[in-house]
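A.B. asks: Following this line is query02.pdb, made up of PDB, C-alpha atoms:
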ATOM      1  CA  MET N   1      76.270 -71.372  31.377
ATOM      2  CA  SER N   2      77.212 -74.870  30.254
ATOM      3  CA  LEU N   3      76.178 -77.835  32.339
ATOM      4  CA  ILE N   4      78.567 -80.214  30.627
ATOM      5  CA  THR N   5      82.207 -80.220  31.617
ATOM      6  CA  ASP N   6      85.032 -82.451  30.506
ATOM      7  CA  LYS N   7      85.907 -85.196  32.934
ATOM      8  CA  ILE N   8      87.748 -88.436  32.344
ATOM      9  CA  VAL N   9      86.398 -91.445  34.190
ATOM     10  CA  SER N  10      87.855 -94.920  34.237
ATOM     11  CA  VAL N  11      85.404 -97.749  34.826
ATOM     12  CA  ARG N  12      86.046-101.463  35.236
ATOM     13  CA  MET N  13      83.272-103.663  33.872
ATOM     14  CA  PRO N  14      82.651-107.369  33.504
ATOM     15  CA  LYS N  15      83.364-108.721  30.040
ATOM     16  CA  ALA N  16      79.692-109.619  29.493
ATOM     17  CA  LEU N  17      78.650-106.009  30.136
ATOM     18  CA  VAL N  18      81.230-104.692  27.674
ATOM     19  CA  ILE N  19      79.942-107.099  25.026
ATOM     20  CA  GLU N  20      76.368-106.002  25.672
ATOM     21  CA  LEU N  21      77.336-102.317  25.500
ATOM     22  CA  LYS N  22      79.108-102.916  22.178
ATOM     23  CA  GLU N  23      75.941-104.529  20.821
ATOM     24  CA  VAL N  24      73.864-101.554  22.000
ATOM     25  CA  ALA N  25      76.381 -99.153  20.444
ATOM     26  CA  SER N  26      76.163-100.954  17.118
ATOM     27  CA  LYS N  27      72.365-101.215  17.229
ATOM     28  CA  ASN N  28      71.907 -97.509  18.062
ATOM     29  CA  HIS N  29      74.650 -96.361  15.653
ATOM     30  CA  TYR N  30      76.911 -94.961  18.362
ATOM     31  CA  LEU N  31      80.576 -94.556  17.537
ATOM     32  CA  ASP N  32      81.830 -96.500  20.533
ATOM     33  CA  VAL N  33      81.015 -97.841  24.000
ATOM     34  CA  SER N  34      81.864 -94.552  25.706
ATOM     35  CA  GLU N  35      79.247 -92.720  23.622
ATOM     36  CA  THR N  36      76.725 -95.394  24.579
ATOM     37  CA  ILE N  37      77.494 -94.980  28.278
ATOM     38  CA  ARG N  38      77.263 -91.182  28.035
ATOM     39  CA  SER N  39      73.888 -91.474  26.350
ATOM     40  CA  LEU N  40      72.555 -93.879  28.990
ATOM     41  CA  LEU N  41      73.849 -91.716  31.827
ATOM     42  CA  ARG N  42      72.390 -88.557  30.286
ATOM     43  CA  LYS N  43      68.990 -90.238  29.911
ATOM     44  CA  ARG N  44      68.964 -91.423  33.546
ATOM     45  CA  TRP N  45      70.198 -88.049  34.789
ATOM     46  CA  LEU N  46      67.381 -86.241  33.003
ATOM     47  CA  GLU N  47      64.868 -88.725  34.426
ATOM     48  CA  GLN N  48      66.170 -88.070  37.939
ATOM     49  CA  LYS N  49      65.799 -84.319  37.497
ATOM     50  CA  LYS N  50      62.033 -84.822  37.186
ATOM     51  CA  PRO N  51      61.270 -88.145  38.894
ATOM     52  CA  HIS N  52      57.633 -87.255  39.554
ATOM     53  CA  LYS N  53      56.992 -86.830  35.828
ATOM     54  CA  ALA N  54      58.271 -90.327  35.052
ATOM     55  CA  LYS N  55      56.132 -91.763  37.851
ATOM     56  CA  LEU N  56      53.036 -89.921  36.632
ATOM     57  CA  ASN N  57      53.604 -91.246  33.118
ATOM     58  CA  GLN N  58      53.867 -94.757  34.502
ATOM     59  CA  ILE N  59      50.617 -94.301  36.445
ATOM     60  CA  LYS N  60      48.863 -93.022  33.316
ATOM     61  CA  GLN N  61      50.085 -96.042  31.405
ATOM     62  CA  ASN N  62      48.751 -98.359  34.111
ATOM     63  CA  LEU N  63      45.365 -96.627  33.934
ATOM     64  CA  SER N  64      44.921 -97.675  30.340
ATOM     65  CA  GLY N  65      44.178-101.219  31.576
ATOM     66  CA  ILE N  66      41.226-100.192  33.776
ATOM     67  CA  SER N  67      37.801-100.841  32.256
ATOM     68  CA  ASP N  68      35.407 -99.553  34.974
ATOM     69  CA  PRO N  69      34.473 -95.973  33.939
ATOM     70  CA  LYS N  70      33.766 -94.754  37.500
ATOM     71  CA  GLN N  71      37.071 -96.047  38.811
ATOM     72  CA  LEU N  72      38.931 -94.648  35.815
ATOM     73  CA  ARG N  73      37.322 -91.204  36.262
ATOM     74  CA  ALA N  74      38.257 -91.118  39.965
ATOM     75  CA  LEU N  75      41.844 -92.126  39.257
ATOM     76  CA  LYS N  76      42.200 -89.531  36.500
ATOM     77  CA  GLN N  77      40.965 -86.832  38.888
ATOM     78  CA  THR N  78      43.541 -87.976  41.430
ATOM     79  CA  ILE N  79      46.298 -87.765  38.839
ATOM     80  CA  LYS N  80      45.189 -84.276  37.854
ATOM     81  CA  LEU N  81      45.412 -83.187  41.499
ATOM     82  CA  LEU N  82      48.866 -84.737  41.845
ATOM     83  CA  GLU N  83      50.046 -82.908  38.727
ATOM     84  CA  GLU N  84      48.746 -79.611  40.131
ATOM     85  CA  ILE N  85      50.535 -80.254  43.435
ATOM     86  CA  ASN N  86      53.797 -80.954  41.596
ATOM     87  CA  GLU N  87      53.449 -77.720  39.623
ATOM     88  CA  ILE N  88      53.056 -75.747  42.863
ATOM     89  CA  GLN N  89      56.220 -77.240  44.396
TER      90      GLN N  89
END
Could the structure of this file be written out as structure tokens, please?
C.D. replies:
Amino acid sequence: MSLITDKIVSVRMPKALVIELKEVASKNHYLDVSETIRSLLRKRWLEQKKPHKAKLNQIKQNLSGISDPKQLRALKQTIKLLEEINEIQ
């Protein structure tokens, strides 16, 4: 079963956004602006399918700045519990 279907969408954008998208397309070696938009939308869509995973990754990243070992250990245990809860759901 394919999740991707063909749809044509027309979008009006400010000129500055179009210029920025063209720069991103060139930088990332996309063929055109539409490929850039599809890539951005696909990335955000996949993030929304598993929002808790993105949030947990952000929390883990924030933990790297904590220097107190006791506090860090407690927070890591909390994260482990949250991950287990998310697996159950």
A.B. asks: Taking all listed atoms of segment 12-26 of chain N, build the axis-aligned box, pad each of the six sides by 5 Å, then write its centre and edge lengths in Å to one decimal as lines of an AutoDock Vina configuration file.
C.D. replies:
center_x = 80.0
center_y = -104.4
center_z = 26.2
size_x = 22.2
size_y = 20.5
size_z = 28.1
A.B. asks: In Å, how far is it from atom CA of Pro14 of chain N to atom CA of Asp32 of chain N?
C.D. replies: 16.9 Å
A.B. asks: In Å to one decimal, how far is atom CA of Glu83 of chain N from atom CA of Ser39 of chain N?
C.D. replies: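 Taking atom CA of Ser39 of chain N as the start and atom CA of Glu83 of chain N as the end point, the length is 28.2 Å.
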A.B. asks: From the set N:Ser10, N:Ser67, N:Thr78, N:Thr5, which residue has the shortest atom-to-atom contact distance to Ile37 of chain N, counting only C-alpha atoms?
C.D. replies: N:Ser10
A.B. asks: What does the distance between atom CA of Tyr30 of chain N and atom CA of Lys49 of chain N come to in Å, to one decimal place?
C.D. replies: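 One can read the atom CA of Tyr30 of chain N to atom CA of Lys49 of chain N distance as 24.6 Å.
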A.B. asks: Report the residues retrieved by the PyMOL selection byres ((chain N and resi 33) around 10) from the displayed file, expressed as a list in words.
C.D. replies: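 Checked against the file, the PyMOL selection byres ((chain N and resi 33) around 10) matches Val18, Ile19, Glu20, Leu21, Lys22, Glu23, Val24, Ala25, Ser26, Tyr30, Leu31, Asp32, Ser34, Glu35, Thr36, Ile37, Arg38 and Ser39 of chain N.
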A.B. asks: Quick one: of N:Lys53, N:Lys7, N:Lys27, N:Lys43, who's nearest to Glu84 of chain N, counting only C-alpha atoms?
C.D. replies: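 That would be N:Lys53, the residue with the smallest distance to Glu84 of chain N.
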